Structure formats: C-alpha cells, structure tokens
file coords_26.txt (compact mmCIF, C-alpha atoms)
# COMPACT_ATOMS: atom_id res chain seq x y z
CA MET A 1 52.09 61.82 -122.41
CA GLN A 2 53.53 62.17 -125.91
CA GLU A 3 53.43 65.27 -128.03
CA LYS A 4 51.28 65.09 -131.15
CA LYS A 5 50.29 67.51 -133.88
CA ALA A 6 47.07 69.46 -133.37
CA TRP A 7 44.52 70.17 -136.08
CA MET A 8 45.08 73.52 -137.75
CA MET A 9 44.64 75.39 -141.00
CA ASN A 10 46.23 78.38 -142.63
CA GLY A 11 45.41 81.47 -140.62
CA PHE A 12 45.00 83.78 -143.60
CA ILE A 13 42.44 81.43 -145.15
CA GLY A 14 40.66 81.33 -141.80
CA ILE A 15 40.58 85.11 -141.61
CA LEU A 16 39.21 85.24 -145.17
CA PHE A 17 36.40 82.83 -144.21
CA VAL A 18 35.60 84.92 -141.14
CA ALA A 19 35.43 88.08 -143.28
CA LEU A 20 33.14 86.36 -145.77
CA LEU A 21 30.86 85.10 -142.98
CA LEU A 22 30.67 88.57 -141.42
CA ALA A 23 29.87 90.03 -144.83
CA GLY A 24 27.16 87.39 -145.25
CA THR A 25 25.81 88.27 -141.81
CA VAL A 26 25.52 91.96 -142.69
CA PHE A 27 23.93 91.19 -146.04
CA SER A 28 21.42 88.77 -144.47
CA PHE A 29 20.40 91.31 -141.84
CA ILE A 30 19.90 93.93 -144.55
CA GLN A 31 17.73 91.45 -146.43
CA GLN A 32 15.94 90.75 -143.14
CA GLN A 33 16.99 87.09 -143.30
CA PHE A 34 17.77 86.98 -139.59
CA LEU A 35 18.07 83.19 -139.31
CA LEU A 36 20.70 82.99 -142.03
CA GLY A 37 22.46 86.03 -140.63
CA GLY A 38 22.52 84.51 -137.14
CA ILE A 39 23.99 81.28 -138.47
CA CYS A 40 26.70 83.20 -140.36
CA LEU A 41 27.50 85.23 -137.24
CA ILE A 42 27.79 82.12 -135.06
CA LEU A 43 30.05 80.46 -137.62
CA ALA A 44 32.21 83.60 -137.85
CA VAL A 45 32.60 83.82 -134.06
CA THR A 46 33.31 80.10 -133.80
CA LEU A 47 35.95 80.14 -136.52
CA GLY A 48 37.44 83.39 -135.22
CA SER A 49 37.91 81.91 -131.74
CA GLY A 50 40.38 79.43 -133.20
CA ILE A 51 42.70 82.05 -134.69
CA THR A 52 46.10 81.78 -132.99
CA LEU A 53 49.40 83.59 -133.43
CA VAL A 54 52.53 81.45 -132.98
CA GLN A 55 55.88 83.18 -132.50
CA PRO A 56 59.16 81.68 -133.79
CA ASN A 57 60.59 79.03 -131.44
CA GLN A 58 57.32 78.72 -129.56
CA SER A 59 54.72 75.99 -129.43
CA ILE A 60 51.02 76.12 -128.58
CA VAL A 61 49.47 73.31 -126.52
CA VAL A 62 45.80 72.95 -127.44
CA ILE A 63 43.34 71.73 -124.78
CA PHE A 64 39.65 71.26 -125.53
CA LEU A 65 37.17 70.32 -122.81
CA GLY A 66 40.00 69.12 -120.58
CA LYS A 67 41.55 66.89 -123.24
CA TYR A 68 44.91 67.33 -124.88
CA MET A 69 44.29 67.81 -128.59
CA GLY A 70 47.85 68.36 -129.80
CA THR A 71 50.62 70.90 -130.20
CA ILE A 72 51.15 73.59 -132.83
CA ARG A 73 54.76 74.33 -133.78
CA ARG A 74 54.15 76.13 -137.09
CA GLU A 75 54.98 79.81 -136.69
CA GLY A 76 52.65 82.51 -137.97
CA ILE A 77 48.85 82.80 -137.96
CA VAL A 78 46.89 79.54 -137.82
CA VAL A 79 43.35 78.47 -137.08
CA THR A 80 42.92 75.59 -134.68
CA ILE A 81 40.07 74.01 -132.69
CA PRO A 82 37.56 76.74 -131.74
CA PHE A 83 36.93 77.65 -128.07
CA SER A 84 39.98 75.64 -126.99
CA VAL A 85 42.42 76.57 -124.25
CA ARG A 86 45.84 77.31 -125.68
CA ARG A 87 49.04 77.44 -123.62
CA THR A 88 52.23 78.91 -125.02
CA ILE A 89 55.47 77.05 -124.31
CA SER A 90 58.83 78.54 -125.28
CA LEU A 91 61.21 76.28 -127.22
CA ARG A 92 64.11 78.70 -126.95
CA VAL A 93 67.42 77.76 -125.32
CA ARG A 94 67.58 79.08 -121.77
CA ASN A 95 70.14 79.35 -118.98
CA PHE A 96 69.63 78.57 -115.33
CA ASN A 97 72.23 79.72 -112.82
CA SER A 98 72.00 77.72 -109.62
CA ASN A 99 72.58 79.22 -106.21
CA ARG A 100 75.84 78.54 -104.41
CA LEU A 101 75.17 75.28 -102.63
CA LYS A 102 77.03 74.15 -99.54
CA VAL A 103 77.63 70.40 -99.69
CA ASN A 104 80.15 67.85 -98.45
CA ASP A 105 82.46 66.13 -100.90
CA VAL A 106 83.19 62.41 -100.74
CA ASN A 107 85.74 63.02 -97.97
CA GLY A 108 83.28 65.00 -95.89
CA ASN A 109 84.90 68.38 -96.53
CA PRO A 110 82.34 71.22 -96.80
CA ILE A 111 82.54 72.98 -100.17
CA GLU A 112 80.62 75.62 -102.07
CA ILE A 113 79.52 74.73 -105.59
CA ALA A 114 77.34 76.28 -108.29
CA ALA A 115 76.63 75.54 -111.94
CA VAL A 116 74.97 76.94 -115.04
CA ILE A 117 72.47 74.72 -116.86
CA VAL A 118 71.67 75.26 -120.55
CA PHE A 119 68.39 73.62 -121.56
CA LYS A 120 65.37 73.80 -123.82
CA VAL A 121 61.93 72.21 -124.04
CA VAL A 122 61.67 69.52 -126.72
CA ASP A 123 58.28 68.03 -125.76
CA ALA A 124 55.68 70.67 -124.89
CA ALA A 125 53.06 68.09 -123.87
CA LYS A 126 55.30 66.60 -121.17
CA ALA A 127 56.31 70.07 -119.98
CA VAL A 128 52.65 71.01 -119.47
CA PHE A 129 51.00 67.80 -118.31
CA ASP A 130 53.66 65.53 -116.76
CA VAL A 131 55.06 68.06 -114.28
CA ASP A 132 53.67 71.05 -112.44
CA LYS A 133 55.47 74.27 -113.45
CA TYR A 134 58.36 72.80 -115.35
CA GLU A 135 60.59 75.87 -114.78
CA GLN A 136 60.56 75.25 -111.03
CA PHE A 137 61.01 71.54 -111.68
CA VAL A 138 64.18 72.28 -113.66
CA GLU A 139 65.56 74.50 -110.88
CA ILE A 140 64.92 72.01 -108.08
CA GLN A 141 66.19 68.99 -110.01
CA SER A 142 69.28 70.90 -111.13
CA GLU A 143 70.26 71.67 -107.55
CA THR A 144 69.57 68.07 -106.57
CA ALA A 145 71.78 66.77 -109.38
CA ILE A 146 74.58 69.17 -108.46
CA ARG A 147 74.50 67.92 -104.87
CA ALA A 148 74.49 64.28 -106.04
CA VAL A 149 77.52 64.74 -108.29
CA ALA A 150 79.45 66.84 -105.75
CA THR A 151 79.19 64.11 -103.11
CA LYS A 152 80.75 61.49 -105.43
CA TYR A 153 84.19 63.07 -105.75
CA PRO A 154 86.74 64.79 -103.53
CA TYR A 155 87.46 68.46 -104.02
CA ASP A 156 91.13 67.62 -104.50
CA THR A 157 93.28 64.58 -103.67
CA PHE A 158 96.69 66.29 -103.90
CA GLU A 159 98.05 63.11 -105.51
CA ASN A 160 96.23 63.20 -108.89
CA VAL A 161 95.31 59.53 -108.67
CA GLU A 162 91.53 59.85 -109.12
CA LEU A 163 88.86 62.16 -110.46
CA THR A 164 88.40 65.37 -108.50
CA LEU A 165 85.99 68.27 -108.71
CA ARG A 166 88.81 70.77 -109.17
CA GLY A 167 91.09 68.83 -111.46
CA ASN A 168 88.58 67.12 -113.76
CA ALA A 169 86.06 69.80 -114.63
CA GLU A 170 85.27 68.30 -118.06
CA GLU A 171 84.47 64.83 -116.70
CA VAL A 172 82.42 66.26 -113.83
CA SER A 173 80.46 68.49 -116.22
CA ASN A 174 79.69 65.53 -118.50
CA GLU A 175 78.44 63.47 -115.58
CA LEU A 176 76.35 66.38 -114.33
CA THR A 177 74.79 66.72 -117.79
CA GLU A 178 73.90 63.02 -117.89
CA GLU A 179 72.52 63.13 -114.35
CA LEU A 180 70.34 66.12 -115.20
CA GLN A 181 69.11 64.60 -118.46
CA ASP A 182 67.92 61.49 -116.60
CA ARG A 183 66.03 63.67 -114.13
CA LEU A 184 64.52 66.15 -116.61
CA LYS A 185 63.46 63.88 -119.46
CA VAL A 186 60.13 63.34 -117.67
CA ALA A 187 59.46 67.06 -118.19
CA GLY A 188 60.28 66.99 -121.90
CA VAL A 189 63.45 69.02 -121.33
CA GLU A 190 66.76 68.49 -123.09
CA VAL A 191 69.93 69.47 -121.23
CA ILE A 192 72.38 70.97 -123.70
CA GLU A 193 75.21 71.69 -121.29
CA ALA A 194 75.99 71.85 -117.58
CA ARG A 195 79.11 73.61 -116.31
CA LEU A 196 80.46 74.39 -112.87
CA THR A 197 80.69 78.15 -112.33
CA HIS A 198 81.86 78.21 -108.72
CA LEU A 199 83.89 75.74 -106.68
CA ALA A 200 85.63 76.50 -103.41
CA TYR A 201 86.12 75.24 -99.90
CA SER A 202 83.73 76.64 -97.32
CA THR A 203 85.03 79.57 -95.33
CA GLU A 204 85.45 77.59 -92.11
CA ILE A 205 88.09 75.28 -93.64
CA ALA A 206 89.39 77.41 -96.49
CA GLN A 207 92.50 78.60 -94.59
CA ALA A 208 93.42 75.11 -93.41
CA MET A 209 93.01 73.68 -96.91
CA LEU A 210 95.11 76.51 -98.36
CA GLN A 211 97.93 75.58 -95.98
CA ARG A 212 97.55 71.95 -97.00
CA GLN A 213 97.76 72.88 -100.68
CA GLN A 214 100.87 74.96 -100.05
CA ALA A 215 102.52 72.13 -98.10
CA SER A 216 101.62 69.65 -100.85
CA ALA A 217 103.09 71.96 -103.49
CA ILE A 218 106.33 72.34 -101.49
CA ILE A 219 106.65 68.58 -101.01
CA SER A 220 106.02 67.95 -104.70
CA ALA A 221 108.61 70.54 -105.71
CA ARG A 222 111.22 69.16 -103.28
CA LYS A 223 110.61 65.64 -104.53
CA GLN A 224 111.21 66.76 -108.10
CA ILE A 225 114.40 68.57 -107.07
CA VAL A 226 115.71 65.51 -105.23
CA ASP A 227 114.90 63.22 -108.15
CA GLY A 228 116.76 65.51 -110.50
CA ALA A 229 119.70 65.87 -108.12
CA VAL A 230 120.10 62.11 -107.76
CA GLY A 231 120.16 61.73 -111.53
CA MET A 232 122.73 64.49 -111.94
CA VAL A 233 125.00 63.02 -109.23
CA GLN A 234 124.71 59.55 -110.74
CA ASP A 235 125.68 60.87 -114.18
CA ALA A 236 128.62 62.80 -112.72
CA ILE A 237 130.03 59.83 -110.79
CA GLU A 238 129.65 57.52 -113.79
CA ARG A 239 131.40 60.01 -116.07
CA ILE A 240 134.28 60.54 -113.63
CA GLU A 241 134.85 56.82 -113.26
CA LYS A 242 134.41 56.12 -116.96
CA GLU A 243 136.93 58.76 -118.07
CA GLY A 244 139.35 57.81 -115.29
CA ILE A 245 139.65 61.38 -114.01
CA VAL A 246 140.19 60.14 -110.48
CA ASP A 247 140.04 56.82 -108.71
CA LEU A 248 137.18 56.76 -106.19
CA ASP A 249 136.96 54.24 -103.43
CA ASP A 250 133.75 53.77 -101.46
CA GLU A 251 134.53 56.45 -98.89
CA ARG A 252 135.51 59.04 -101.46
CA ARG A 253 132.47 58.17 -103.57
CA VAL A 254 130.18 58.70 -100.57
CA ALA A 255 131.84 62.01 -99.75
CA MET A 256 131.50 63.26 -103.33
CA ILE A 257 127.87 62.18 -103.54
CA ASN A 258 127.16 63.96 -100.26
CA ASN A 259 128.84 67.19 -101.41
CA LEU A 260 127.08 67.19 -104.78
CA LEU A 261 123.66 66.54 -103.27
CA VAL A 262 124.13 69.31 -100.71
CA ALA A 263 125.20 71.75 -103.42
CA ILE A 264 122.28 70.91 -105.73
CA VAL A 265 119.43 70.45 -103.23
CA SER A 266 120.29 73.31 -100.86
CA ASP A 267 117.80 76.19 -100.83
CA HIS A 268 120.64 78.71 -100.51
CA GLY A 269 123.95 79.02 -102.29
CA THR A 270 126.51 76.68 -100.75
CA GLN A 271 129.88 77.97 -99.52
CA PRO A 272 132.79 75.93 -100.90
CA VAL A 273 135.36 74.63 -98.42
CA ILE A 274 138.84 73.89 -99.77
CA ASN A 275 140.33 70.76 -98.24
CA THR A 276 144.14 71.03 -98.40
CA GLY A 277 144.66 67.85 -96.46
CA SER A 278 143.80 64.24 -97.03
CA LEU A 279 140.32 62.82 -96.61
CA TYR A 280 141.77 60.11 -94.38
CA GLN A 281 143.60 62.46 -91.96

call {"tool": "encode", "arguments": {"input": "coords_26.txt", "output": "structure tokens"}}
result
Amino acid sequence: MQEKKAWMMNGFIGILFVALLLAGTVFSFIQQQFLLGGICLILAVTLGSGITLVQPNQSIVVIFLGKYMGTIRREGIVVTIPFSVRRTISLRVRNFNSNRLKVNDVNGNPIEIAAVIVFKVVDAAKAVFDVDKYEQFVEIQSETAIRAVATKYPYDTFENVELTLRGNAEEVSNELTEELQDRLKVAGVEVIEARLTHLAYSTEIAQAMLQRQQASAIISARKQIVDGAVGMVQDAIERIEKEGIVDLDDERRVAMINNLLVAIVSDHGTQPVINTGSLYQ
C-alpha cells in the first residue's frame, strides 16, 4: 500500500456551492417546482457530505465503498469524495516510553532496560491498512527491538575492549534506531530517535556486580600506581648513575629499587629507617 493524493477541492468554494444549491432548493419549492428543488437538495446534501476539516499536522485517509481513494494532507476546509469514510491520522512527532524490561545480556546477566522512542507517521495509508492499530504495533515492536539489541552486548566488560550497553550509549542508541526503523517501516512510521532511559543490573545480582565493579576499579587504580612507580624508580636510578652521585652494584641497586617502590606504592606513609652500618654487614 502506497499513499496517494485524494481528490479534493477548496472547502470555501464547496460551501458556497452548497449555499447556492440550498437557496435554489428554497426558491424552487416556493415556485412549486418540486422536481428541481429535490434535485438541488440532493446535490447540496451530497456535496455537503464531502466537507472535511483538516487540522495542521494531520492527514485524512479517504475510503469509499471499501476502497482506498487517497490521503488529504492540506490543512483547512476541503471538499472530498461525498459519502466516504474518512479516518484522521496524526502526523505529529510523538514519544513512546517503554516499560522496564528484564532481559539477559550477551553474558547471561539479568539486567533492567528501558528506552524512549521518538517517532512520527510519514505514510498514513500504510499506518491504516498495512497494520492493525499502528500505535500498539509501535509499542510491541519497540519492546522487541530493545530486547534484541540488549542481548547483543554485555552490560559492562570491565576491560573496555568491546562495545557495552553502559559504556557505549551512543552506538547502542544508533543501532536501536536502525533496528526499530527496519521493523516499523511496514507501518509507515519513521523513527527519529531512540535513547536508553534506564539501564541497571537486576536486583538479584546488583550487589554482587557492585562488588565486582569496586574490585575492578581498585585493580585498575593499583595497576596505574605501579606503572607510575616503576617509571619513577627507573628515572631515579638512571639519573643517579648518570650524574655519578653514588656507585651502585647489583645488590645496592636492588635494595634501592625495593625501598623506592615500597615508599611510592604503599597505601600508608612509610617510616624511614636509618642504616648506620654497611649493607654487607
């Protein structure tokens, strides 16, 4: 089904014709020309039945004797096919907030996810004839698309080596938009935007995952501290040897490296110990 333009004429001209026909009907009845008056009355009623009011950002689907005759998008008063069935379809941009869905991510972890879908009807004929109740169709297909996208990615990998639902919201939203557009084009609906509004672990594993996140953060921080400490110790040893401050053999070098690493990496302030003797005694 493809949308096409329905027959119509200017509504004000149609109203003028109806007024003239009604005036002719009254005049004919006064002149006792009942046949002419009856014809004028039938024409006035027939033409008047086609008068339609179209609001801004709305379209009228015209159906006559079970056949699709076209769509009216011109706002204002128009006259279309008499005695036709006319269905109003809104072309305004609308939001749909999905329910919080409980799904499993790619790793099998149960998560809660929800999204907001921004859409509008671009083909009124498809919205009316190709699907049954396109608003419900949008809701059901939106939830299905959200579930499909959520199962493709992990909630979080803790290593930042692949796309995740939490760390790549923009990429996930773009894929959700494309997934929805593929599903909703049959209904003549254009998806303008799809964004995640809620994302969290399910309550039964939320505490365990929080502990995992905390442990991962601690490990990452310690790794960064150790990397920095090694670089600082290496620079210090190289500078001491380059400037000839003191001659370091292997044992003394190991001892100095050990002391520097302990001082830098330790969580608490280190207590200095003054060695008044020799390292070899």

call {"tool": "closest_residue", "arguments": {"input": "coords_26.txt", "among": "A:Phe129, A:Tyr134, A:Tyr201, A:Phe119", "to": "Pro154 (chain A)", "atoms": "all atoms listed in the file"}}
result
A:Tyr201

call {"tool": "closest_residue", "arguments": {"input": "coords_26.txt", "among": "A:Ala221, A:Met232, A:Ala200, A:Val18", "to": "Leu47 (chain A)", "atoms": "all atoms listed in the file"}}
result
A:Val18

call {"tool": "residues_around", "arguments": {"input": "coords_26.txt", "residues": "Ser173 (chain A)", "least_positions_apart": "2", "cutoff": "9 Å", "atoms": "all atoms listed in the file", "output": "PyMOL selection string"}}
result
chain A and resi 168-171+175-178+193-196

call {"tool": "write_last_selection", "arguments": {"input": "coords_26.txt", "atoms": "C-alpha atoms", "output": "PDB file, keeping the file's coordinate frame"}}
result
ATOM      1  CA  ASN A 168      88.580  67.120-113.760  1.00  0.00           C
ATOM      2  CA  ALA A 169      86.060  69.800-114.630  1.00  0.00           C
ATOM      3  CA  GLU A 170      85.270  68.300-118.060  1.00  0.00           C
ATOM      4  CA  GLU A 171      84.470  64.830-116.700  1.00  0.00           C
ATOM      5  CA  GLU A 175      78.440  63.470-115.580  1.00  0.00           C
ATOM      6  CA  LEU A 176      76.350  66.380-114.330  1.00  0.00           C
ATOM      7  CA  THR A 177      74.790  66.720-117.790  1.00  0.00           C
ATOM      8  CA  GLU A 178      73.900  63.020-117.890  1.00  0.00           C
ATOM      9  CA  GLU A 193      75.210  71.690-121.290  1.00  0.00           C
ATOM     10  CA  ALA A 194      75.990  71.850-117.580  1.00  0.00           C
ATOM     11  CA  ARG A 195      79.110  73.610-116.310  1.00  0.00           C
ATOM     12  CA  LEU A 196      80.460  74.390-112.870  1.00  0.00           C
TER      13      LEU A 196
END

call {"tool": "closest_residue", "arguments": {"input": "coords_26.txt", "among": "A:Val131, A:Val54, A:Ile219, A:Ala150", "to": "Val186 (chain A)", "atoms": "all atoms listed in the file"}}
result
A:Val131

call {"tool": "atom_distance", "arguments": {"input": "coords_26.txt", "atom1": "CA of Leu91 (chain A)", "atom2": "CA of Gly188 (chain A)"}}
result
10.7 Å

call {"tool": "residues_near_point", "arguments": {"input": "coords_26.txt", "point": "(40.1, 75.3, -131.8)", "cutoff": "9 Å", "atoms": "only C-alpha atoms", "output": "list in words"}}
result
Trp7, Met8, Thr46, Leu47, Ser49, Gly50, Ile51, Thr52, Val62, Ile63, Phe64, Val79, Thr80, Ile81, Pro82, Phe83, Ser84, Val85 and Arg86 of chain A

call {"tool": "residues_around", "arguments": {"input": "coords_26.txt", "residues": "Glu112 (chain A)", "least_positions_apart": "5", "cutoff": "8 Å", "atoms": "all atoms listed in the file", "output": "CSV table (one decimal) with C-alpha atoms, in the coordinates of the input"}}
result
chain,number,residue,atom,x,y,z
A,100,ARG,CA,75.8,78.5,-104.4
A,101,LEU,CA,75.2,75.3,-102.6
A,102,LYS,CA,77.0,74.2,-99.5
A,103,VAL,CA,77.6,70.4,-99.7
A,198,HIS,CA,81.9,78.2,-108.7
A,199,LEU,CA,83.9,75.7,-106.7
A,200,ALA,CA,85.6,76.5,-103.4
A,201,TYR,CA,86.1,75.2,-99.9
A,202,SER,CA,83.7,76.6,-97.3

call {"tool": "residues_around", "arguments": {"input": "coords_26.txt", "residues": "Phe137 (chain A)", "least_positions_apart": "3", "cutoff": "10 Å", "atoms": "all atoms listed in the file", "output": "list in words"}}
result
Ala127, Val131, Asp132, Lys133, Tyr134, Ile140, Gln141, Ser142, Arg183, Leu184 and Ala187 of chain A

call {"tool": "closest_residue", "arguments": {"input": "coords_26.txt", "among": "A:Val254, A:Ala115, A:Ala124, A:Ala44", "to": "Lys185 (chain A)", "atoms": "only C-alpha atoms"}}
result
A:Ala124

call {"tool": "closest_residue", "arguments": {"input": "coords_26.txt", "among": "A:Asp130, A:Arg74, A:Val138, A:Gln224", "to": "Arg94 (chain A)", "atoms": "only C-alpha atoms"}}
result
A:Val138

call {"tool": "atom_distance", "arguments": {"input": "coords_26.txt", "atom1": "CA of Gly70 (chain A)", "atom2": "CA of Ser90 (chain A)"}}
result
15.6 Å

call {"tool": "residues_near_point", "arguments": {"input": "coords_26.txt", "point": "(47.2, 82.6, -138.0)", "cutoff": "7 Å", "atoms": "all atoms listed in the file", "output": "JSON, numbers by chain"}}
result
{"A": [10, 11, 12, 51, 52, 53, 76, 77, 78, 79]}

call {"tool": "residues_around", "arguments": {"input": "coords_26.txt", "residues": "Arg73 (chain A)", "least_positions_apart": "3", "cutoff": "8 Å", "atoms": "all atoms listed in the file", "output": "mmCIF file with C-alpha atoms, in the frame of the given file"}}
result
data_model
loop_
_atom_site.group_PDB
_atom_site.id
_atom_site.type_symbol
_atom_site.label_atom_id
_atom_site.label_comp_id
_atom_site.auth_asym_id
_atom_site.auth_seq_id
_atom_site.Cartn_x
_atom_site.Cartn_y
_atom_site.Cartn_z
ATOM 1 C CA VAL A 54 52.530 81.450 -132.980
ATOM 2 C CA ASN A 57 60.590 79.030 -131.440
ATOM 3 C CA GLN A 58 57.320 78.720 -129.560
ATOM 4 C CA SER A 59 54.720 75.990 -129.430
ATOM 5 C CA ILE A 60 51.020 76.120 -128.580
#

call {"tool": "atom_distance", "arguments": {"input": "coords_26.txt", "atom1": "CA of Asn259 (chain A)", "atom2": "CA of Ala229 (chain A)"}}
result
11.4 Å

call {"tool": "closest_residue", "arguments": {"input": "coords_26.txt", "among": "A:Leu65, A:Val106, A:Leu41, A:Val26", "to": "Arg147 (chain A)", "atoms": "only C-alpha atoms"}}
result
A:Val106

call {"tool": "axis_aligned_box", "arguments": {"input": "coords_26.txt", "around": "region 82-100 of chain A", "padding_each_side": "4 Å", "output": "JSON"}}
result
{"center_x": 56.4, "center_y": 77.7, "center_z": -118.1, "size_x": 46.9, "size_y": 12.1, "size_z": 35.3}
